[in-house]
>>> print(open('model_1.txt').read())   # compact mmCIF, C-alpha atoms and all ligand atoms
# COMPACT_ATOMS: atom_id res chain seq x y z
CA MET A 1 -51.65 -24.58 -20.37
CA ILE A 2 -51.24 -21.19 -18.79
CA PRO A 3 -51.00 -22.35 -15.14
CA THR A 4 -48.45 -25.04 -16.11
CA ARG A 5 -46.18 -22.54 -17.91
CA ARG A 6 -46.34 -20.22 -14.92
CA PHE A 7 -45.34 -23.14 -12.69
CA PHE A 8 -42.23 -23.85 -14.83
CA LEU A 9 -41.21 -20.22 -15.46
CA SER A 10 -41.42 -18.72 -11.99
CA PRO A 11 -38.67 -20.71 -10.21
CA PHE A 12 -36.44 -20.46 -13.27
CA VAL A 13 -36.77 -16.65 -13.43
CA GLY A 14 -36.33 -16.37 -9.66
CA ILE A 15 -33.12 -18.40 -9.65
CA THR A 16 -31.76 -16.52 -12.66
CA VAL A 17 -32.39 -13.15 -10.99
CA LEU A 18 -30.74 -14.41 -7.79
CA VAL A 19 -27.67 -15.67 -9.69
CA VAL A 20 -27.36 -12.36 -11.60
CA LEU A 21 -27.67 -10.33 -8.37
CA LEU A 22 -25.06 -12.48 -6.60
CA ALA A 23 -22.68 -12.19 -9.55
CA LEU A 24 -23.10 -8.40 -9.60
CA TYR A 25 -22.54 -8.20 -5.85
CA PHE A 26 -19.34 -10.25 -5.92
CA ARG A 27 -18.07 -8.55 -9.08
CA SER A 28 -18.45 -5.08 -7.57
CA SER A 29 -17.03 -6.04 -4.19
CA PHE A 30 -13.93 -7.56 -5.79
CA ARG A 31 -13.47 -4.68 -8.15
CA SER A 32 -14.25 -1.48 -6.29
CA PRO A 33 -11.56 -1.30 -3.58
CA SER A 34 -8.95 -2.42 -6.21
CA ASN A 35 -5.50 -2.35 -4.61
CA GLU A 36 -5.83 1.23 -3.41
CA ARG A 37 -5.95 1.86 0.29
CA LEU A 38 -6.89 4.79 2.52
CA PHE A 39 -4.34 5.58 5.26
CA THR A 40 -4.67 7.64 8.39
CA ALA A 41 -1.58 9.60 9.42
CA GLU A 42 -1.05 7.10 12.27
CA GLU A 43 -1.21 4.12 9.90
CA LEU A 44 1.19 5.72 7.46
CA ALA A 45 3.62 6.40 10.32
CA LEU A 46 4.04 2.62 10.77
CA TYR A 47 5.71 2.45 7.36
CA ASN A 48 8.60 4.74 8.25
CA GLY A 49 11.32 2.16 7.80
CA THR A 50 11.72 1.32 11.48
CA ASP A 51 10.02 -2.08 11.23
CA GLU A 52 12.11 -4.16 8.82
CA LYS A 53 9.16 -6.47 8.15
CA LEU A 54 6.97 -3.68 6.78
CA PRO A 55 7.30 -1.88 3.47
CA ILE A 56 8.49 1.75 3.50
CA CYS A 57 5.90 4.26 2.34
CA LEU A 58 5.78 8.02 1.94
CA GLY A 59 3.03 10.49 1.18
CA ILE A 60 3.20 13.47 -1.13
CA LEU A 61 0.16 15.68 -1.76
CA GLY A 62 -1.83 12.92 -0.07
CA SER A 63 -0.76 10.20 -2.54
CA VAL A 64 1.00 7.30 -0.85
CA PHE A 65 3.82 5.35 -2.53
CA ASP A 66 5.69 2.21 -1.60
CA VAL A 67 9.34 3.31 -1.77
CA THR A 68 10.85 0.13 -0.33
CA LYS A 69 13.08 -0.30 -3.38
CA GLY A 70 14.66 3.07 -2.45
CA LYS A 71 15.50 1.75 1.03
CA SER A 72 19.02 3.22 0.90
CA HIS A 73 17.44 6.72 0.75
CA TYR A 74 14.29 6.22 2.81
CA GLY A 75 15.17 3.49 5.31
CA SER A 76 16.53 4.10 8.83
CA GLY A 77 19.75 6.09 8.58
CA GLY A 78 19.07 7.05 4.94
CA GLY A 79 19.47 10.71 3.91
CA TYR A 80 15.77 10.99 3.05
CA ASN A 81 14.37 8.86 5.89
CA HIS A 82 12.45 11.94 7.09
CA PHE A 83 10.09 11.56 4.12
CA ALA A 84 9.15 8.01 5.16
CA GLY A 85 5.92 7.34 7.07
CA ARG A 86 4.50 10.82 6.54
CA ASP A 87 3.48 13.45 4.05
CA ALA A 88 6.17 16.13 4.17
CA SER A 89 5.22 17.75 0.85
CA ARG A 90 6.62 21.14 1.82
CA ALA A 91 10.11 19.76 2.51
CA PHE A 92 10.42 18.75 -1.15
CA VAL A 93 10.97 22.43 -1.95
CA SER A 94 12.10 23.92 1.34
CA GLY A 95 14.78 21.29 1.99
CA ASN A 96 13.90 21.72 5.66
CA PHE A 97 13.75 18.16 6.96
CA THR A 98 13.30 19.04 10.63
CA GLY A 99 10.44 19.90 13.00
CA ASP A 100 7.92 22.28 11.42
CA GLY A 101 9.55 21.80 8.02
CA LEU A 102 8.07 18.29 7.85
CA THR A 103 4.56 19.41 7.01
CA ASP A 104 2.16 18.75 4.16
CA SER A 105 1.07 22.41 4.08
CA LEU A 106 2.18 24.42 1.05
CA ARG A 107 0.75 27.66 2.44
CA GLY A 108 2.62 30.73 1.20
CA LEU A 109 4.69 28.92 -1.44
CA SER A 110 4.95 30.46 -4.90
CA SER A 111 3.38 28.91 -8.00
CA SER A 112 6.75 27.64 -9.24
CA GLU A 113 7.46 26.01 -5.87
CA VAL A 114 4.02 24.38 -5.84
CA LYS A 115 4.68 23.14 -9.36
CA SER A 116 7.94 21.67 -8.16
CA VAL A 117 6.11 19.63 -5.48
CA VAL A 118 3.68 18.37 -8.14
CA ASP A 119 6.74 17.42 -10.26
CA TRP A 120 8.06 15.40 -7.32
CA ARG A 121 4.72 13.59 -7.12
CA ASP A 122 5.11 12.79 -10.85
CA PHE A 123 8.58 11.45 -10.08
CA TYR A 124 7.10 9.04 -7.49
CA ILE A 125 4.33 8.00 -9.89
CA ARG A 126 6.99 7.15 -12.50
CA THR A 127 9.49 5.54 -10.17
CA TYR A 128 7.62 3.78 -7.36
CA THR A 129 4.37 1.93 -6.69
CA TYR A 130 1.29 3.95 -5.86
CA VAL A 131 -0.53 2.32 -2.95
CA GLY A 132 -3.27 4.70 -1.85
CA LYS A 133 -4.30 7.96 -0.29
CA LEU A 134 -3.67 9.64 3.00
CA VAL A 135 -6.84 10.94 4.62
CA GLY A 136 -6.27 14.51 5.73
CA ARG A 137 -5.39 17.75 3.99
CA TYR A 138 -5.56 16.44 0.42
CA TYR A 139 -8.10 13.59 0.54
CA ASP A 140 -11.25 13.28 2.61
CA SER A 141 -12.34 10.14 4.45
CA GLN A 142 -14.04 8.89 1.26
CA GLY A 143 -10.81 9.28 -0.71
CA ASN A 144 -12.10 12.29 -2.64
CA PRO A 145 -9.74 15.19 -3.39
CA THR A 146 -10.24 18.15 -1.06
CA LYS A 147 -10.34 21.83 -1.95
CA HIS A 148 -6.68 22.01 -0.85
CA LEU A 149 -5.62 19.48 -3.48
CA LYS A 150 -7.66 21.24 -6.16
CA GLY A 151 -6.08 24.56 -5.11
CA VAL A 152 -2.59 23.06 -5.30
CA GLU A 153 -3.22 21.56 -8.75
CA ALA A 154 -4.57 24.89 -10.03
CA LYS A 155 -1.62 26.85 -8.64
CA ALA A 156 0.86 24.35 -10.09
CA SER A 157 -0.66 24.63 -13.54
CA ARG A 158 -0.49 28.44 -13.33
CA GLY A 159 3.17 28.02 -12.37
CA ALA A 160 3.74 25.71 -15.35
CA GLN A 161 2.18 28.25 -17.73
CA LEU A 162 4.26 31.10 -16.33
CA LEU A 163 7.47 29.05 -16.55
CA GLU A 164 6.70 28.21 -20.16
CA LYS A 165 6.06 31.89 -20.93
CA GLN A 166 9.27 32.87 -19.16
CA LYS A 167 11.23 30.32 -21.19
CA ILE A 168 9.85 31.72 -24.45
CA GLU A 169 10.55 35.32 -23.39
CA GLU A 170 14.08 34.56 -22.22
CA ALA A 171 14.93 32.61 -25.36
CA LYS A 172 14.49 35.88 -27.29
CA GLN A 173 17.43 37.30 -25.33
CA PRO A 174 19.98 34.54 -24.75
CA ASN A 175 21.59 33.98 -21.35
CA CYS A 176 25.25 34.86 -20.83
CA ASN A 177 27.75 32.05 -20.40
CA SER A 178 29.10 31.91 -16.89
CA GLN A 179 31.74 30.16 -14.83
CA TRP A 180 32.99 30.29 -11.31
CA SER A 181 36.14 29.04 -9.62
CA GLN A 182 37.52 29.43 -6.12
CA ASP A 183 40.69 31.13 -7.36
CA GLU A 184 39.35 33.27 -10.17
CA GLY A 185 35.86 34.04 -8.81
CA GLY A 186 32.99 34.41 -11.28
CA GLU A 187 32.77 35.71 -14.81
CA VAL A 188 30.05 36.10 -17.42
CA TRP A 189 30.56 36.42 -21.15
CA CYS A 190 28.71 36.54 -24.45
CA ASP A 191 29.61 34.81 -27.72
CA VAL A 192 27.43 37.35 -29.53
CA GLY A 193 26.73 40.77 -27.98
CA VAL A 194 27.67 42.08 -24.53
CA PRO A 195 26.50 41.13 -21.02
CA ARG A 196 23.83 43.11 -19.20
CA LEU A 197 21.89 42.41 -16.00
CA VAL A 198 18.13 42.40 -16.60
CA GLN A 199 15.06 41.92 -14.44
CA ARG A 200 13.19 38.66 -15.12
CA PRO A 201 9.70 39.90 -16.02
CA LEU A 202 7.60 37.00 -14.73
CA GLU A 203 9.67 36.34 -11.64
CA ILE A 204 7.42 38.17 -9.19
CA ALA A 205 4.37 36.22 -10.38
CA LEU A 206 6.35 32.99 -10.30
CA THR A 207 8.32 33.21 -7.10
CA GLY A 208 7.05 36.32 -5.34
CA GLN A 209 10.57 37.77 -5.55
CA MET A 210 12.55 40.04 -7.84
CA SER A 211 15.37 38.32 -9.66
CA LYS A 212 17.87 39.32 -12.32
CA ARG A 213 19.72 37.35 -14.96
CA CYS A 214 22.62 38.03 -17.26
CA ALA A 215 21.55 38.28 -20.91
CA CYS A 216 23.47 39.08 -24.10
CA PHE A 217 22.54 42.19 -26.10
CA LYS A 218 23.81 43.27 -29.49
CA GLU A 219 25.08 46.86 -29.75
CA ASP A 220 21.92 48.10 -31.51
CA GLN A 221 19.80 46.82 -28.57
CA LEU A 222 21.74 48.58 -25.85
CA ASP A 223 19.54 51.68 -25.65
CA GLN A 224 16.60 49.65 -24.20
CA ALA A 225 15.43 50.61 -20.70
CA GLY A 226 16.30 48.39 -17.74
CA LEU A 227 19.72 47.11 -18.88
CA GLU A 228 22.28 47.24 -16.10
CA ILE A 229 26.03 47.33 -16.83
CA TYR A 230 28.12 45.08 -14.55
CA LYS A 231 29.96 47.19 -12.00
CA GLY A 232 33.54 47.88 -13.08
CA CYS A 233 32.98 46.40 -16.53
CA ASP A 234 33.56 48.28 -19.77
CA PRO A 235 30.11 48.96 -21.40
CA LEU A 236 31.19 47.17 -24.60
CA ALA A 237 33.29 44.37 -23.04
CA LYS A 238 32.29 40.84 -24.00
CA THR A 239 33.40 39.45 -20.62
CA CYS A 240 32.74 40.84 -17.12
CA ARG A 241 33.95 39.74 -13.71
CA VAL A 242 31.14 39.30 -11.18
C1 LIG A 301 15.38 20.67 -1.40
C2 LIG A 301 16.44 19.91 -1.28
C3 LIG A 301 16.45 18.45 -1.67
C4 LIG A 301 15.44 17.54 -1.71
C5 LIG A 301 13.98 17.74 -1.35
C6 LIG A 301 16.01 16.29 -2.17
C7 LIG A 301 15.27 15.12 -2.33
C8 LIG A 301 15.79 13.95 -2.81
C9 LIG A 301 15.08 12.71 -2.88
C10 LIG A 301 13.65 12.50 -2.44
C11 LIG A 301 15.91 11.79 -3.39
C12 LIG A 301 15.61 10.31 -3.58
C13 LIG A 301 15.11 10.06 -4.95
C14 LIG A 301 14.81 8.59 -5.17
O1 LIG A 301 13.85 8.07 -4.57
O2 LIG A 301 15.51 7.98 -5.98
C15 LIG A 301 17.17 12.44 -3.67
C16 LIG A 301 18.27 11.82 -4.19
C17 LIG A 301 19.49 12.40 -4.28
N1 LIG A 301 19.83 13.64 -3.84
FE1 LIG A 301 18.59 15.04 -3.09
N2 LIG A 301 17.33 16.46 -2.39
C18 LIG A 301 17.66 17.75 -2.10
C19 LIG A 301 18.89 18.34 -2.16
C20 LIG A 301 20.02 17.69 -2.54
C21 LIG A 301 21.33 18.29 -2.58
C22 LIG A 301 21.65 19.71 -2.16
C23 LIG A 301 22.18 17.34 -3.04
C24 LIG A 301 23.63 17.39 -3.28
C25 LIG A 301 24.47 18.25 -2.73
C26 LIG A 301 21.40 16.14 -3.29
C27 LIG A 301 21.90 14.96 -3.78
C28 LIG A 301 21.16 13.87 -4.07
C29 LIG A 301 21.71 12.68 -4.71
C30 LIG A 301 23.15 12.47 -5.15
C31 LIG A 301 20.64 11.78 -4.86
C32 LIG A 301 20.68 10.42 -5.53
C33 LIG A 301 21.24 9.39 -4.68
C34 LIG A 301 21.23 8.06 -5.38
O3 LIG A 301 20.44 7.82 -6.31
O4 LIG A 301 21.98 7.21 -4.93
N3 LIG A 301 20.09 16.39 -2.97
N4 LIG A 301 17.06 13.75 -3.31
>>> encode(input="model_1.txt", output="structure tokens")
Amino acid sequence: MIPTRRFFLSPFVGITVLVVLLALYFRSSFRSPSNERLFTAEELALYNGTDEKLPICLGILGSVFDVTKGKSHYGSGGGYNHFAGRDASRAFVSGNFTGDGLTDSLRGLSSSEVKSVVDWRDFYIRTYTYVGKLVGRYYDSQGNPTKHLKGVEAKASRGAQLLEKQKIEEAKQPNCNSQWSQDEGGEVWCDVGVPRLVQRPLEIALTGQMSKRCACFKEDQLDQAGLEIYKGCDPLAKTCRV
């Protein structure tokens, strides 16, 4: 009895194990690469809109998108053709679309600028088709995020927090209305209160620079420190020329 059962079971078990292993192998090899691809800078450069037969792709923070449907912007002769076939992350905030400006380095940018590049990446995620990763500054040769990408994400989220805090702070003291025309020049005015120039408190942390805004203050708030009267404007005037 026992030898016979062994004779029948062994080939059956062997074949079953083989079938299971083959199924696992094929399942994982079909699934793992999905439709994501790793690009070198040279490969990405082929998709710059010059070859009509190829899709147009751009990189931002190492993520690569097919932007062919935006051909009028990104194709040859388009206003944003410089973004095609490369990762020019920095140019999304600098607006410098030439020479050294076309770099993926965000070195020295403020947290709000870095956040703005991350917002552009979100725009591409929403609007175009994600196709893969560019191996280099932001992804390593295995497609894993580098310390640069992690640094950028962290700085952008600090920027987002600061911007949120600034919004809350500034809402406490409403902005002045303002208008500008070639003939009349500029003017600021308040519906309630009077205009004063004030330092934006989080601006240094956000942008690395000092910046002022026009805010409206009621008469009983005018003795606060740091309120600047517009030059040539009556201290209690509701409207000032700038
Ligand atoms: C830092 C500067 C700037 C950057 C990085 C930038 C970037 C871009 C990008 C990437 C697009 C294409 C969006 C898409 O795929 O649909 C775009 C569209 C556009 N940009 Fe800019 N831009 C800048 C400044 C400007 C300025 C100064 C103007 C106007 C004076 C402008 C006007 C436009 C217009 C009108 C469109 C939409 C065109 C359309 O949908 O037909 N941009 N911009």
>>> residues_around(input="model_1.txt", residues="Val117 of chain A", least_positions_apart="4", cutoff="8 Å", atoms="all atoms listed in the file", output="ChimeraX atom specification")
/A:89-90,92-93,113,121
>>> write_last_selection(input="model_1.txt", atoms="C-alpha atoms", output="PDB file, in the coordinates of the input")
ATOM      1  CA  SER A  89       5.220  17.750   0.850  1.00  0.00           C
ATOM      2  CA  ARG A  90       6.620  21.140   1.820  1.00  0.00           C
ATOM      3  CA  PHE A  92      10.420  18.750  -1.150  1.00  0.00           C
ATOM      4  CA  VAL A  93      10.970  22.430  -1.950  1.00  0.00           C
ATOM      5  CA  GLU A 113       7.460  26.010  -5.870  1.00  0.00           C
ATOM      6  CA  ARG A 121       4.720  13.590  -7.120  1.00  0.00           C
TER       7      ARG A 121
END
>>> atom_distance(input="model_1.txt", atom1="atom CA of Lys212 of chain A", atom2="atom CA of Gly185 of chain A")
19.1 Å
>>> residues_near_ligand(input="model_1.txt", ligand="ligand LIG 301 (chain A)", cutoff="8 Å", atoms="all atoms listed in the file", output="list in words")
Val67, Gly70, Ser72, His73, Tyr74, Tyr80, Phe83, Ala91, Phe92, Val93, Ser94, Gly95, Asn96, Trp120, Tyr124 and Thr127 of chain A
>>> atom_distance(input="model_1.txt", atom1="atom CA of Ser76 of chain A", atom2="atom CA of Pro55 of chain A")
12.2 Å
>>> atom_distance(input="model_1.txt", atom1="atom CA of Asn144 of chain A", atom2="atom CA of Glu42 of chain A")
19.3 Å
>>> closest_residue(input="model_1.txt", among="A:Arg241, A:Lys133, A:Lys172, A:Lys165", to="Glu184 of chain A", atoms="only C-alpha atoms")
A:Arg241
>>> closest_residue(input="model_1.txt", among="A:Ile168, A:Leu162, A:Ala237, A:Leu134", to="Glu203 of chain A", atoms="all atoms listed in the file")
A:Leu162
>>> closest_residue(input="model_1.txt", among="A:Gly108, A:Lys238, A:Lys167, A:Lys71", to="Leu54 of chain A", atoms="all atoms listed in the file")
A:Lys71
>>> residues_near_point(input="model_1.txt", point="(-0.8, 22.3, 4.8)", cutoff="9 Å", atoms="all atoms listed in the file", output="list of chain:residue names")
A:Ser89, A:Arg90, A:Thr103, A:Asp104, A:Ser105, A:Leu106, A:Arg107, A:Arg137, A:Tyr138, A:His148
>>> closest_residue(input="model_1.txt", among="A:Gly79, A:Gly85, A:Gly99, A:Gly132", to="Phe39 of chain A", atoms="all atoms listed in the file")
A:Gly132
>>> axis_aligned_box(input="model_1.txt", around="segment 68-82 of chain A", padding_each_side="3 Å", output="AutoDock Vina command-line options")
--center_x 15.3 --center_y 5.8 --center_z 2.7 --size_x 14.9 --size_y 18.2 --size_z 18.2
>>> closest_residue(input="model_1.txt", among="A:Ser181, A:Ser141, A:Ser116, A:Gln166", to="Glu153 of chain A", atoms="only C-alpha atoms")
A:Ser116
>>> residues_around(input="model_1.txt", residues="Glu36 of chain A", least_positions_apart="5", cutoff="12 Å", atoms="only C-alpha atoms", output="ChimeraX atom specification")
/A:31,63-66,129-134,143
>>> closest_residue(input="model_1.txt", among="A:Pro201, A:Asp100, A:Gly151, A:Val135", to="Leu44 of chain A", atoms="all atoms listed in the file")
A:Val135
>>> residues_around(input="model_1.txt", residues="Val188 of chain A", least_positions_apart="2", cutoff="9 Å", atoms="only C-alpha atoms", output="PyMOL selection string")
chain A and resi 176-180+186+190+195+214+238-242
>>> residues_around(input="model_1.txt", residues="Ala225 of chain A", least_positions_apart="3", cutoff="12 Å", atoms="all atoms listed in the file", output="PDB file with C-alpha atoms, in the coordinates of the input")
ATOM      1  CA  ARG A 196      23.830  43.110 -19.200  1.00  0.00           C
ATOM      2  CA  LEU A 197      21.890  42.410 -16.000  1.00  0.00           C
ATOM      3  CA  VAL A 198      18.130  42.400 -16.600  1.00  0.00           C
ATOM      4  CA  GLN A 199      15.060  41.920 -14.440  1.00  0.00           C
ATOM      5  CA  GLN A 221      19.800  46.820 -28.570  1.00  0.00           C
ATOM      6  CA  LEU A 222      21.740  48.580 -25.850  1.00  0.00           C
ATOM      7  CA  GLU A 228      22.280  47.240 -16.100  1.00  0.00           C
ATOM      8  CA  ILE A 229      26.030  47.330 -16.830  1.00  0.00           C
TER       9      ILE A 229
END
>>> residues_around(input="model_1.txt", residues="Gly208 of chain A", least_positions_apart="5", cutoff="10 Å", atoms="all atoms listed in the file", output="list in words")
Gly108, Leu109, Ser110, Ser111, Ser112, Leu202 and Glu203 of chain A
